[in-house]
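Participant: Dropping a structure here in structure tokens format, bear with me for questions.
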Amino acid sequence: MSVRTGQRIRSILSGAAVAALLGGALIAPAPATAAPKCGFPGHPAPTERPWALKRLDPAAAWRITRGEKVTVAVIDSGVSPSHPLLRGRVLDGADFNGLTQYNGQCDLAGHGTLVAGIIAGREGTGAPYSGIAPEAKILPVRVLADNKRTFDESLPAEIGKAIDWAVDHGADVINLSLETLDDPALKKAVDHALDKGVILVAAAGNLQENQQDKSAYPAAYPGVIAVAGVGEQGEHVGSSVSGNYVDVAAPGLNIVGPATQGSGYQFRPDGGTSFATAYVSGVAALVRAAHPELTPEEVAYRLTRTADNPPDGHNAQVGYGVVNPYRAVTALLGTRTDPPLGAMPEPVPPADPLAWQRVVAVWVAVVGGLAAGVLLALRPILVRGRQRGWRPGRKPAPQDA
């Protein structure tokens with residue numbers, strides 16, 4: 001969320017509010033009294049497919065699944081259900097952190113709606129755009145609304161409550177395009193979700209001005225899939241936080257997605273790990289739909305092992321590399337229980353069409369060698385026999401003493 005967008009929306013709001021980092025931006029809740037006009041119109045639709053969709057090519061995996069029967073909870077600034085991309089995809093959700101109750105379907109910031117469009121935007125709307133898992137459902141959970149910076153210590157626990165609510169209301173995947181501080185209540189909610197088999201995907205975090213790399217939560221918790229951002233050439237986005245907890249990467253610059261009113265689109269050139277997280281959540285939804293028996297740990301393993309690895313296999317900037325939807329859904333990963341992450345199965349040597357001829361040649365050589373050995377052994381006998389005219393030899397008589 002850019003500062004300019006925040007200034008544009010801030011005039012709609014009144015009063016002080018709580019906020020949290022949302023993909024590098026800071027989002028605050030709207031007042032709990034007046035009913036806000038939820039959202040703002042966008043720009044005309046893009047004329048060609050965004051680079052992120054060309055790069056990930058999710059349609060290659062759609063022959064297997066489009067994410068049907070999977071629910072992705074978007075814990076964010078709310079999700080507007082009116083855009084053509086999201087029509088019929090957004091379920092009734094919930095509002096937390098003291099926000100006015102709109103079932104999660106009021107988005108003053110536009111952030112959650114854009115994230116939801118990346119995850120599950122429908123096909124066939126007339127625009128060259130769709131989500132990664134276009135048949136998935138979105139469960140909106142609103143905890144944030146605007147971009148005012150705050151250090152409210154109660155916010156991590158509120159996000160934890162939102163996670164618990166999403167788990168209890170059927171979420172298969174939870175998208176957390178936000179970052180906050182470590183907190184026992186938040187950690188407990190994350191562990192509860194993982195124990196219930198829910199996949200958690202979170203932003204690795206964005207660097208603010210003059211800020212050093214610092215672990216972002218909930219991404220840094222064990223079991224959460226932490227996502228970094230890359231640009232169009234596959235380069236690490238400079239604002240994307242680096243750390244050993246980073247698992248995978250996805251497009252995080254020049255992002256396009258649905259606006260909150262009408263059929264317009266938002267264009268976010270600065271991007272952020274928020275949007276990279278949404279792309280990975282979409283891939284996780286495809287994997288969950290194709291392999292519903294997998295645990296969150298196994299889904300994370302599949303995403304990391306099938307990613308387009310960097311030359312060194314893993315690094316702190318992009319983890320195991322950019323997610324690959326097709327390979328994540330279709331790869332046969334073998335039966336080993338402890339293979340190294342990022343390693344691909346050993347290549348199977350091609351069948352040798354001359355194999356049977358080689359076997360015959362070996363046996364001919366063996367038989368020929370044995371025959372030659374027999375002939376060599378018989379040669380002295382044959383020579384002696386011809387010399388005697390094939391008459392048997394007589395035993396020499398013993399000499400008299």
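Identifiers in the structure tokens: chain A, B, ... in order shown; residue index from 1 per chain; ligand index from 1 in order shown.
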Based on DSSP run over this structure's backbone, return all residues of segment 6-250 of chain A in strand (DSSP E), as a PyMOL selection string.
Facilitator: chain A and resi 20-22+25-27+71-76+94-95+137-142+173-176+199-203+225-230+248-250
Participant: Those residues with N, CA and C atoms, as a tab-separated table (two decimals), in the first residue's frame please?
Facilitator:
chain	number	residue	atom	x	y	z
A	20	ALA	N	-1.22	-2.27	11.33
A	20	ALA	CA	-0.16	-3.28	11.25
A	20	ALA	C	0.47	-3.20	9.89
A	21	LEU	N	1.67	-3.74	9.79
A	21	LEU	CA	2.34	-3.75	8.50
A	21	LEU	C	1.61	-4.67	7.55
A	22	LEU	N	1.27	-4.16	6.37
A	22	LEU	CA	0.60	-4.94	5.34
A	22	LEU	C	1.46	-4.90	4.10
A	25	ALA	N	3.29	-1.80	3.91
A	25	ALA	CA	2.49	-0.64	4.24
A	25	ALA	C	1.86	-0.86	5.59
A	26	LEU	N	1.37	0.19	6.19
A	26	LEU	CA	0.78	0.10	7.51
A	26	LEU	C	-0.70	0.39	7.41
A	27	ILE	N	-1.54	-0.52	7.89
A	27	ILE	CA	-2.97	-0.45	7.67
A	27	ILE	C	-3.68	-0.27	9.00
A	71	THR	N	-10.88	-23.47	0.31
A	71	THR	CA	-11.19	-22.16	0.86
A	71	THR	C	-9.92	-21.50	1.36
A	72	VAL	N	-9.65	-20.29	0.87
A	72	VAL	CA	-8.48	-19.54	1.27
A	72	VAL	C	-8.94	-18.35	2.11
A	73	ALA	N	-8.55	-18.32	3.36
A	73	ALA	CA	-8.86	-17.17	4.22
A	73	ALA	C	-7.84	-16.07	3.95
A	74	VAL	N	-8.35	-14.86	3.73
A	74	VAL	CA	-7.49	-13.70	3.51
A	74	VAL	C	-7.63	-12.80	4.73
A	75	ILE	N	-6.64	-12.87	5.62
A	75	ILE	CA	-6.64	-12.03	6.83
A	75	ILE	C	-5.93	-10.74	6.46
A	76	ASP	N	-6.73	-9.68	6.31
A	76	ASP	CA	-6.21	-8.50	5.63
A	76	ASP	C	-7.10	-7.30	5.94
A	94	ALA	N	-15.58	-12.22	8.63
A	94	ALA	CA	-15.70	-11.62	9.96
A	94	ALA	C	-14.77	-10.42	10.06
A	95	ASP	N	-15.04	-9.57	11.05
A	95	ASP	CA	-14.23	-8.38	11.32
A	95	ASP	C	-13.66	-8.48	12.74
A	137	LYS	N	-12.42	-20.55	-3.17
A	137	LYS	CA	-13.28	-19.58	-2.49
A	137	LYS	C	-12.43	-18.72	-1.55
A	138	ILE	N	-12.88	-17.50	-1.33
A	138	ILE	CA	-12.19	-16.57	-0.44
A	138	ILE	C	-13.01	-16.35	0.82
A	139	LEU	N	-12.36	-16.54	1.96
A	139	LEU	CA	-12.99	-16.26	3.26
A	139	LEU	C	-12.34	-14.99	3.80
A	140	PRO	N	-13.04	-13.83	3.74
A	140	PRO	CA	-12.41	-12.57	4.14
A	140	PRO	C	-12.46	-12.36	5.66
A	141	VAL	N	-11.31	-12.06	6.23
A	141	VAL	CA	-11.22	-11.78	7.67
A	141	VAL	C	-10.54	-10.42	7.81
A	142	ARG	N	-11.31	-9.44	8.25
A	142	ARG	CA	-10.82	-8.06	8.25
A	142	ARG	C	-10.23	-7.70	9.62
A	173	VAL	N	-6.43	-22.93	3.51
A	173	VAL	CA	-5.20	-22.14	3.39
A	173	VAL	C	-5.49	-20.78	4.03
A	174	ILE	N	-4.52	-20.23	4.74
A	174	ILE	CA	-4.66	-18.89	5.30
A	174	ILE	C	-3.56	-18.01	4.72
A	175	ASN	N	-3.97	-16.94	4.04
A	175	ASN	CA	-3.02	-15.97	3.47
A	175	ASN	C	-2.83	-14.83	4.46
A	176	LEU	N	-1.59	-14.57	4.82
A	176	LEU	CA	-1.23	-13.52	5.77
A	176	LEU	C	-0.27	-12.55	5.11
A	199	ILE	N	-2.87	-24.78	5.97
A	199	ILE	CA	-1.63	-24.26	5.39
A	199	ILE	C	-1.57	-22.76	5.63
A	200	LEU	N	-0.46	-22.27	6.18
A	200	LEU	CA	-0.29	-20.84	6.42
A	200	LEU	C	0.82	-20.30	5.52
A	201	VAL	N	0.49	-19.21	4.81
A	201	VAL	CA	1.44	-18.56	3.91
A	201	VAL	C	1.53	-17.10	4.33
A	202	ALA	N	2.75	-16.59	4.56
A	202	ALA	CA	2.89	-15.23	5.10
A	202	ALA	C	4.03	-14.48	4.41
A	203	ALA	N	3.91	-13.16	4.42
A	203	ALA	CA	4.92	-12.28	3.82
A	203	ALA	C	6.19	-12.28	4.64
A	225	ILE	N	4.86	-20.86	5.66
A	225	ILE	CA	5.58	-20.69	4.40
A	225	ILE	C	5.87	-19.20	4.22
A	226	ALA	N	7.14	-18.83	4.33
A	226	ALA	CA	7.55	-17.43	4.26
A	226	ALA	C	7.93	-17.07	2.82
A	227	VAL	N	7.39	-15.95	2.32
A	227	VAL	CA	7.50	-15.62	0.90
A	227	VAL	C	8.24	-14.31	0.69
A	228	ALA	N	9.24	-14.35	-0.20
A	228	ALA	CA	9.96	-13.16	-0.63
A	228	ALA	C	9.48	-12.74	-2.01
A	229	GLY	N	9.93	-11.56	-2.47
A	229	GLY	CA	9.51	-11.04	-3.76
A	229	GLY	C	10.63	-11.01	-4.78
A	230	VAL	N	10.26	-11.22	-6.06
A	230	VAL	CA	11.21	-11.11	-7.17
A	230	VAL	C	10.63	-10.18	-8.23
A	248	VAL	N	10.24	-19.56	-0.11
A	248	VAL	CA	10.09	-19.46	-1.56
A	248	VAL	C	9.89	-18.00	-1.94
A	249	ALA	N	9.81	-17.76	-3.25
A	249	ALA	CA	9.60	-16.40	-3.75
A	249	ALA	C	8.54	-16.42	-4.84
A	250	ALA	N	8.02	-15.22	-5.15
A	250	ALA	CA	7.01	-15.06	-6.19
A	250	ALA	C	7.05	-13.60	-6.65
Participant: Name the residues in contact with segment 252-265 of chain A at a cut-off of 8 Å, using only C-alpha atoms, excluding same-chain residues fewer than 2 positions from it; report them as a PyMOL selection string.
Facilitator: chain A and resi 38-46+50+52+79-80+82-85+107-108+110+113-115+117-118+228-232+237+250+267-276
Participant: Give me the residues near segment 185-196 of chain A as a list of chain:residue names, where near means some atom within 8 Å (using only C-alpha atoms) and where sequence neighbours in that chain fewer than 4 positions away do not count.
Facilitator: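 My reading of the contact set: A:Pro156, A:Ala157, A:Ile159, A:Gly160, A:Lys161, A:Ile163, A:Asp164, A:Val167, A:Leu200, A:Pro218, A:Tyr221, A:Gly223, A:Val224, A:Pro296.
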Participant: Could you give me, as a VMD selection string, the residues within 12 Å of Glu293 of chain A, counting only C-alpha atoms and dropping anything in the same chain fewer than 6 positions from it?
Facilitator: chain A and resid 172 197 to 198 287 299
Participant: Give me, as number ranges by chain, the residues of segment 219-374 of chain A that a backbone DSSP run labels helix (DSSP H, G or I).
Facilitator: A: 273-290, 296-305, 325-330, 355-374
